[in-house]
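Have a look at the structure below, then the notes.
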Amino acid sequence: MNEFTMDDLKKVMRESAGEDGALDGDVLDSSFEELGYDSLALMETTSRIERALSVTLPEEEMADVSTPRDLLAFVNSRVGVSA
């Protein structure tokens, strides 16, 4: 995979938290909290992304991730980085 996209994120988050529609529209800069995703949903999402892409998303760095745009940038910065 070259880039983790918003479509990829939507799929993973829907599988993790089952929230249909929360990621539709212009939500890149909306906080996950505003979108109805709690910390447990984000932890599950992160775990699924790590497994799917064979990347490590350090928990302490995830604390700075609060929007879909942040998460996409963070994941894409880690693609190709060894665990």
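FYI, nothing fancy with the structure tokens labels: chains A, B, ... in order, residues from 1 per chain, ligands from 1 as they appear.
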
Check your understanding: Residues at most 12 Å from Glu44 in chain A, counting only C-alpha atoms, excluding those fewer than 5 positions away in the same chain, as a PyMOL selection string?
Key -> chain A and resi 12-18+37-39+49-51

If you keep N, CA, C and O atoms, can you produce a file of those selected residues as a compact mmCIF listing (two decimals), in the first residue's frame?
# COMPACT_ATOMS: atom_id res chain seq x y z
N VAL A 12 -11.78 0.91 8.14
CA VAL A 12 -11.25 0.39 9.40
C VAL A 12 -12.09 0.87 10.59
O VAL A 12 -12.41 0.09 11.49
N MET A 13 -12.45 2.13 10.58
CA MET A 13 -13.21 2.67 11.71
C MET A 13 -14.61 2.07 11.77
O MET A 13 -15.13 1.80 12.85
N ARG A 14 -15.22 1.85 10.64
CA ARG A 14 -16.54 1.22 10.63
C ARG A 14 -16.46 -0.22 11.10
O ARG A 14 -17.35 -0.70 11.81
N GLU A 15 -15.39 -0.91 10.75
CA GLU A 15 -15.20 -2.28 11.23
C GLU A 15 -14.92 -2.29 12.74
O GLU A 15 -15.33 -3.19 13.44
N SER A 16 -14.22 -1.28 13.21
CA SER A 16 -13.82 -1.20 14.63
C SER A 16 -14.96 -0.76 15.52
O SER A 16 -15.16 -1.30 16.61
N ALA A 17 -15.69 0.27 15.07
CA ALA A 17 -16.69 0.88 15.94
C ALA A 17 -18.11 0.80 15.41
O ALA A 17 -19.05 1.12 16.12
N GLY A 18 -18.25 0.40 14.15
CA GLY A 18 -19.58 0.24 13.58
C GLY A 18 -20.37 1.51 13.41
O GLY A 18 -21.58 1.47 13.31
N TYR A 37 -16.48 9.00 18.26
CA TYR A 37 -15.54 7.92 18.49
C TYR A 37 -14.82 8.15 19.81
O TYR A 37 -14.17 9.17 20.00
N ASP A 38 -14.91 7.19 20.71
CA ASP A 38 -14.24 7.31 22.00
C ASP A 38 -12.85 6.69 21.93
O ASP A 38 -12.42 6.18 20.90
N SER A 39 -12.14 6.74 23.04
CA SER A 39 -10.76 6.24 23.07
C SER A 39 -10.68 4.74 22.78
O SER A 39 -9.73 4.27 22.16
N ILE A 49 -5.10 -1.00 12.15
CA ILE A 49 -4.20 -0.37 11.18
C ILE A 49 -2.80 -0.97 11.31
O ILE A 49 -2.16 -1.29 10.31
N GLU A 50 -2.34 -1.14 12.54
CA GLU A 50 -1.01 -1.71 12.76
C GLU A 50 -0.90 -3.09 12.13
O GLU A 50 0.09 -3.40 11.46
N ARG A 51 -1.92 -3.92 12.34
CA ARG A 51 -1.90 -5.28 11.78
C ARG A 51 -1.98 -5.26 10.25
O ARG A 51 -1.25 -5.97 9.58

Practice item. Among the residues of chain A, find those DSSP assigns to alpha helix (DSSP H) from the backbone and print them as a PyMOL selection string. Key: chain A and resi 6-17+39-53+59-62+68-78
